[in-house]
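Okay, start39.cif now, which holds mmCIF, C-alpha atoms:
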```cif
data_query
loop_
_atom_site.label_atom_id
_atom_site.label_comp_id
_atom_site.auth_asym_id
_atom_site.auth_seq_id
_atom_site.Cartn_x
_atom_site.Cartn_y
_atom_site.Cartn_z
CA THR S 1377 110.65 93.38 83.37
CA ALA S 1378 108.07 92.18 85.87
CA LEU S 1379 109.19 90.13 88.84
CA MET S 1380 106.94 87.97 90.98
CA ALA S 1381 108.39 87.61 94.47
CA THR S 1382 107.34 86.17 97.81
CA GLU S 1383 109.69 88.08 100.10
CA ARG S 1384 108.59 91.68 99.75
CA ASN S 1385 107.86 94.27 102.42
CA HIS S 1386 106.15 97.55 103.27
CA SER S 1387 109.21 99.66 102.28
CA LEU S 1388 109.46 98.13 98.81
CA VAL S 1389 105.78 98.80 98.13
CA LYS S 1390 106.19 102.44 99.18
CA LYS S 1391 109.24 102.79 96.89
CA GLN S 1392 107.32 101.36 93.95
CA ILE S 1393 104.33 103.65 94.57
CA ASP S 1394 106.61 106.69 94.97
CA ALA S 1395 108.12 105.81 91.58
CA GLY S 1396 104.63 105.81 90.04
CA LYS S 1397 104.35 102.02 89.76
CA PRO S 1398 101.23 100.29 91.12
CA VAL S 1399 101.90 97.00 92.91
CA PRO S 1400 99.79 93.86 92.43
CA ALA S 1401 99.87 92.08 95.80
CA GLY S 1402 98.59 88.70 96.97
CA PHE S 1403 96.94 88.34 100.36
CA LEU S 1404 94.88 85.85 102.36
CA HIS S 1405 91.33 87.17 102.14
CA HIS S 1406 89.36 84.64 104.20
CA GLY S 1407 89.01 84.23 107.96
CA ASN S 1408 89.62 86.59 110.83
CA VAL S 1409 92.56 89.00 110.64
CA LYS S 1410 94.16 87.19 113.60
CA ALA S 1411 94.15 83.90 111.67
CA PRO S 1412 93.85 84.70 107.95
CA GLN S 1413 93.35 81.82 105.56
CA GLY S 1414 92.48 81.01 101.99
CA GLY S 1415 94.24 80.22 98.77
CA GLY S 1416 94.97 83.89 98.29
CA HIS S 1417 93.70 86.73 96.15
CA TYR S 1418 95.40 89.58 94.28
CA LEU S 1419 94.59 93.28 94.42
CA CYS S 1420 96.52 96.28 93.13
CA ILE S 1421 98.07 98.75 95.57
CA ILE S 1422 97.88 102.20 93.97
CA GLY S 1423 98.92 104.47 96.84
CA TYR S 1424 99.41 104.83 100.56
CA ASP S 1425 99.12 107.31 103.40
CA SER S 1426 100.13 107.25 107.05
CA GLN S 1427 97.31 104.80 107.93
CA GLY S 1428 97.20 102.34 105.05
CA TYR S 1429 97.17 101.49 101.36
CA TRP S 1430 94.88 102.73 98.59
CA VAL S 1431 93.92 99.72 96.48
CA HIS S 1432 91.79 98.46 93.66
CA ASP S 1433 90.34 95.09 94.69
CA PRO S 1434 88.68 93.22 91.78
CA TRP S 1435 86.32 91.33 94.10
CA GLY S 1436 85.06 94.49 95.82
CA GLU S 1437 85.48 95.77 99.36
CA CYS S 1438 86.69 93.27 101.92
CA ASP S 1439 86.07 93.72 105.62
CA LEU S 1440 89.66 92.88 106.50
CA THR S 1441 88.80 92.17 110.14
CA THR S 1442 86.37 89.36 109.30
CA GLY S 1443 87.52 88.39 105.79
CA VAL S 1444 84.03 88.85 104.32
CA TYR S 1445 83.41 90.88 101.16
CA LYS S 1446 80.78 93.48 101.91
CA SER S 1447 80.51 95.17 98.52
CA THR S 1448 81.34 94.52 94.86
CA ASP S 1449 82.77 98.03 94.39
CA GLY S 1450 86.51 97.65 94.71
CA LYS S 1451 87.68 100.97 93.27
CA LYS S 1452 90.09 103.11 95.29
CA LEU S 1453 89.54 101.48 98.67
CA HIS S 1454 91.53 102.31 101.76
CA TYR S 1455 92.86 99.21 103.51
CA LYS S 1456 94.52 100.02 106.85
CA PHE S 1457 98.00 98.66 107.51
CA ALA S 1458 96.75 97.14 110.79
CA THR S 1459 94.28 94.84 109.02
CA PHE S 1460 95.88 94.38 105.58
CA GLU S 1461 99.46 93.62 106.53
CA PRO S 1462 98.62 90.61 108.75
CA ARG S 1463 96.96 89.16 105.64
CA TRP S 1464 99.83 90.13 103.31
CA LEU S 1465 102.87 89.62 105.56
CA VAL S 1466 101.61 86.33 106.99
CA GLU S 1467 105.01 84.77 107.69
CA GLY S 1468 106.83 87.91 108.84
CA GLN S 1469 107.77 91.44 107.81
CA THR S 1470 109.44 90.36 104.55
CA SER S 1471 107.04 87.66 103.37
CA GLY S 1472 104.68 89.67 101.14
CA TRP S 1473 103.74 88.35 97.73
CA CYS S 1474 103.71 90.94 94.96
CA ILE S 1475 104.74 91.78 91.43
CA THR S 1476 107.19 94.61 90.77
CA VAL S 1477 108.34 96.20 87.53
#
```

The structure given in the file should be rewritten as structure tokens.
Amino acid sequence: TALMATERNHSLVKKQIDAGKPVPAGFLHHGNVKAPQGGGHYLCIIGYDSQGYWVHDPWGECDLTTGVYKSTDGKKLHYKFATFEPRWLVEGQTSGWCITV
């Protein structure tokens, strides 16, 4: 059963990935990383390493510092925790939007 939730965190995403389950996650993709904005956009987290998440982003590659898409190729991108998590965990460390199964 899939569950859409708005109070997820970094640890839950890692657990899901470790169990072989990709994680669709919603984030604010417009504006500067220090003040992200927008109605939101979903990508799929497919992995992680010590620096960030591996994702498929259907809109392409986003410059997460500026919030501007710089390419339409969104396959297996590496989004660093430092610039993705402020856009995903906007209201605190357990405020991430995602879908888990």

Hits of the PyMOL selection byres ((chain S and resi 1463) around 6) in this structure, as a PDB file with C-alpha atoms, keeping the file's coordinate frame:
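The resulting file, part01.pdb, is shown below:
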```pdb
ATOM      1  CA  PHE S1403      96.940  88.340 100.360  1.00  0.00           C
ATOM      2  CA  LEU S1404      94.880  85.850 102.360  1.00  0.00           C
ATOM      3  CA  PRO S1412      93.850  84.700 107.950  1.00  0.00           C
ATOM      4  CA  PHE S1460      95.880  94.380 105.580  1.00  0.00           C
ATOM      5  CA  GLU S1461      99.460  93.620 106.530  1.00  0.00           C
ATOM      6  CA  PRO S1462      98.620  90.610 108.750  1.00  0.00           C
ATOM      7  CA  TRP S1464      99.830  90.130 103.310  1.00  0.00           C
ATOM      8  CA  LEU S1465     102.870  89.620 105.560  1.00  0.00           C
ATOM      9  CA  VAL S1466     101.610  86.330 106.990  1.00  0.00           C
TER      10      VAL S1466
END
```

Running the PyMOL selection byres ((chain S and resi 1451) around 9) on this model by hand, what would come out? Give it as number ranges by chain.
S: 1431-1434, 1436-1437, 1449-1450, 1452-1453

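For the residues S:Ala1395, S:His1386, S:Ala1458, S:Gly1443, ranking by smallest atom-to-atom distance to S:Gly1416 using all atoms listed in the file places S:Gly1443 first.
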
Just say which residues the PyMOL selection byres ((chain S and resi 1421) around 6) picks in this file, as a ChimeraX atom specification.
/S:1398-1399,1420,1422-1423,1430-1431

Nearby residues (all atoms listed in the file) at most 9 Å from S:Gln1427, same-chain spacing under 6 positions excluded, as a CSV table (one decimal) with C-alpha atoms, in the frame of the given file:
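Contents of the output file part-v5.csv:
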```csv
chain,number,residue,atom,x,y,z
S,1454,HIS,CA,91.5,102.3,101.8
S,1455,TYR,CA,92.9,99.2,103.5
S,1456,LYS,CA,94.5,100.0,106.8
S,1457,PHE,CA,98.0,98.7,107.5
S,1458,ALA,CA,96.8,97.1,110.8
```

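Taking all atoms listed in the file into account, S:Val1444 lies nearest to S:Asn1408 out of the set S:Thr1459, S:Asn1408, S:Ser1426, S:Thr1476.
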
Who sits within 12 Å of S:Thr1377, only C-alpha atoms, same chain under 2 positions skipped, as a ChimeraX atom specification:
/S:1379-1380,1475-1477

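The smallest atom-to-atom distance between S:Gly1468 and any of S:Thr1442, S:Thr1382, S:His1406, S:Asp1425, using only C-alpha atoms, is found for S:Thr1382.
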
In terms of the shortest atom-to-atom distance over only C-alpha atoms, which of S:Leu1419, S:Gly1414, S:Gly1428, S:Ser1387 is closest to S:Gly1402?
S:Leu1419

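Compared by their closest atoms to S:Cys1474, and using all atoms listed in the file, the residues S:Cys1438, S:Ala1381, S:Ile1393, S:Leu1388 rank with S:Ala1381 nearest.
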
Quick one: pull the distance between atom CA of S:Glu1467 and atom CA of S:His1405, Å, one decimal.
15.0 Å

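Atom CA of S:Tyr1424 lies 24.2 Å from atom CA of S:Gly1407.
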
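One finds atom CA of S:Leu1440 at 11.7 Å from atom CA of S:Gln1413.
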
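The shortest atom-to-atom distance to S:Lys1390, with all atoms listed in the file taken into account, belongs to S:Tyr1429 out of S:Trp1435, S:Tyr1429, S:Tyr1445, S:Tyr1418.
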
Exercise on stretch 1399-1409 of chain S, axis-aligned box with 4 Å per side, report centre and edge lengths in Å to one decimal, as AutoDock Vina command-line options:
```
--center_x 95.5 --center_y 90.6 --center_z 101.6 --size_x 20.9 --size_y 20.8 --size_z 26.4
```

Could I see stretch 1439-1450 of chain S restored to all heavy atoms, set down as a PDB file, in the coordinates of the input?
```pdb
ATOM      1  N   ASP S1439      85.936  93.360 104.214  1.00  0.00           N
ATOM      2  CA  ASP S1439      86.070  93.720 105.620  1.00  0.00           C
ATOM      3  C   ASP S1439      87.284  92.925 106.098  1.00  0.00           C
ATOM      4  O   ASP S1439      87.193  91.715 106.318  1.00  0.00           O
ATOM      5  CB  ASP S1439      84.817  93.332 106.401  1.00  0.00           C
ATOM      6  CG  ASP S1439      84.926  93.619 107.882  1.00  0.00           C
ATOM      7  OD1 ASP S1439      86.057  93.628 108.424  1.00  0.00           O
ATOM      8  OD2 ASP S1439      83.875  93.822 108.514  1.00  0.00           O
ATOM      9  N   LEU S1440      88.413  93.586 106.201  1.00  0.00           N
ATOM     10  CA  LEU S1440      89.660  92.880 106.500  1.00  0.00           C
ATOM     11  C   LEU S1440      89.716  92.308 107.907  1.00  0.00           C
ATOM     12  O   LEU S1440      90.533  91.437 108.184  1.00  0.00           O
ATOM     13  CB  LEU S1440      90.847  93.810 106.255  1.00  0.00           C
ATOM     14  CG  LEU S1440      91.047  94.204 104.789  1.00  0.00           C
ATOM     15  CD1 LEU S1440      92.164  95.228 104.669  1.00  0.00           C
ATOM     16  CD2 LEU S1440      91.326  93.000 103.924  1.00  0.00           C
ATOM     17  N   THR S1441      88.847  92.751 108.790  1.00  0.00           N
ATOM     18  CA  THR S1441      88.800  92.170 110.140  1.00  0.00           C
ATOM     19  C   THR S1441      88.180  90.786 110.098  1.00  0.00           C
ATOM     20  O   THR S1441      88.689  89.854 110.710  1.00  0.00           O
ATOM     21  CB  THR S1441      88.015  93.091 111.097  1.00  0.00           C
ATOM     22  OG1 THR S1441      88.670  94.358 111.129  1.00  0.00           O
ATOM     23  CG2 THR S1441      87.983  92.509 112.502  1.00  0.00           C
ATOM     24  N   THR S1442      87.089  90.639 109.349  1.00  0.00           N
ATOM     25  CA  THR S1442      86.370  89.360 109.300  1.00  0.00           C
ATOM     26  C   THR S1442      86.711  88.503 108.078  1.00  0.00           C
ATOM     27  O   THR S1442      86.461  87.304 108.080  1.00  0.00           O
ATOM     28  CB  THR S1442      84.852  89.592 109.288  1.00  0.00           C
ATOM     29  OG1 THR S1442      84.498  90.287 108.083  1.00  0.00           O
ATOM     30  CG2 THR S1442      84.406  90.383 110.509  1.00  0.00           C
ATOM     31  N   GLY S1443      87.227  89.120 107.013  1.00  0.00           N
ATOM     32  CA  GLY S1443      87.520  88.390 105.790  1.00  0.00           C
ATOM     33  C   GLY S1443      86.297  88.159 104.926  1.00  0.00           C
ATOM     34  O   GLY S1443      86.287  87.279 104.079  1.00  0.00           O
ATOM     35  N   VAL S1444      85.272  88.979 105.099  1.00  0.00           N
ATOM     36  CA  VAL S1444      84.030  88.850 104.320  1.00  0.00           C
ATOM     37  C   VAL S1444      83.908  90.052 103.387  1.00  0.00           C
ATOM     38  O   VAL S1444      84.084  91.197 103.814  1.00  0.00           O
ATOM     39  CB  VAL S1444      82.804  88.805 105.273  1.00  0.00           C
ATOM     40  CG1 VAL S1444      81.511  88.816 104.484  1.00  0.00           C
ATOM     41  CG2 VAL S1444      82.882  87.574 106.169  1.00  0.00           C
ATOM     42  N   TYR S1445      83.620  89.780 102.113  1.00  0.00           N
ATOM     43  CA  TYR S1445      83.410  90.880 101.160  1.00  0.00           C
ATOM     44  C   TYR S1445      82.045  91.483 101.389  1.00  0.00           C
ATOM     45  O   TYR S1445      81.046  90.794 101.399  1.00  0.00           O
ATOM     46  CB  TYR S1445      83.597  90.402  99.722  1.00  0.00           C
ATOM     47  CG  TYR S1445      85.049  90.424  99.340  1.00  0.00           C
ATOM     48  CD1 TYR S1445      85.892  89.380  99.678  1.00  0.00           C
ATOM     49  CD2 TYR S1445      85.593  91.531  98.711  1.00  0.00           C
ATOM     50  CE1 TYR S1445      87.239  89.427  99.376  1.00  0.00           C
ATOM     51  CE2 TYR S1445      86.941  91.593  98.405  1.00  0.00           C
ATOM     52  CZ  TYR S1445      87.753  90.537  98.741  1.00  0.00           C
ATOM     53  OH  TYR S1445      89.100  90.592  98.454  1.00  0.00           O
ATOM     54  N   LYS S1446      82.023  92.809 101.581  1.00  0.00           N
ATOM     55  CA  LYS S1446      80.780  93.480 101.910  1.00  0.00           C
ATOM     56  C   LYS S1446      80.233  94.313 100.761  1.00  0.00           C
ATOM     57  O   LYS S1446      79.157  94.880 100.872  1.00  0.00           O
ATOM     58  CB  LYS S1446      80.961  94.352 103.156  1.00  0.00           C
ATOM     59  CG  LYS S1446      82.049  95.383 103.075  1.00  0.00           C
ATOM     60  CD  LYS S1446      82.229  96.072 104.420  1.00  0.00           C
ATOM     61  CE  LYS S1446      83.300  97.131 104.385  1.00  0.00           C
ATOM     62  NZ  LYS S1446      83.430  97.784 105.677  1.00  0.00           N
ATOM     63  N   SER S1447      80.945  94.382  99.663  1.00  0.00           N
ATOM     64  CA  SER S1447      80.510  95.170  98.520  1.00  0.00           C
ATOM     65  C   SER S1447      81.232  94.658  97.279  1.00  0.00           C
ATOM     66  O   SER S1447      82.306  94.063  97.386  1.00  0.00           O
ATOM     67  CB  SER S1447      80.839  96.640  98.779  1.00  0.00           C
ATOM     68  OG  SER S1447      81.199  97.331  97.626  1.00  0.00           O
ATOM     69  N   THR S1448      80.669  94.902  96.109  1.00  0.00           N
ATOM     70  CA  THR S1448      81.340  94.520  94.860  1.00  0.00           C
ATOM     71  C   THR S1448      82.077  95.700  94.240  1.00  0.00           C
ATOM     72  O   THR S1448      82.666  95.560  93.182  1.00  0.00           O
ATOM     73  CB  THR S1448      80.317  93.959  93.848  1.00  0.00           C
ATOM     74  OG1 THR S1448      79.310  94.942  93.623  1.00  0.00           O
ATOM     75  CG2 THR S1448      79.701  92.666  94.346  1.00  0.00           C
ATOM     76  N   ASP S1449      82.052  96.856  94.884  1.00  0.00           N
ATOM     77  CA  ASP S1449      82.770  98.030  94.390  1.00  0.00           C
ATOM     78  C   ASP S1449      84.161  98.050  94.997  1.00  0.00           C
ATOM     79  O   ASP S1449      84.335  98.353  96.181  1.00  0.00           O
ATOM     80  CB  ASP S1449      82.007  99.312  94.760  1.00  0.00           C
ATOM     81  CG  ASP S1449      82.670 100.560  94.203  1.00  0.00           C
ATOM     82  OD1 ASP S1449      83.673 100.441  93.456  1.00  0.00           O
ATOM     83  OD2 ASP S1449      82.195 101.658  94.516  1.00  0.00           O
ATOM     84  N   GLY S1450      85.159  97.736  94.198  1.00  0.00           N
ATOM     85  CA  GLY S1450      86.510  97.650  94.710  1.00  0.00           C
ATOM     86  C   GLY S1450      87.430  98.772  94.255  1.00  0.00           C
ATOM     87  O   GLY S1450      88.643  98.659  94.354  1.00  0.00           O
TER      88      GLY S1450
END
```
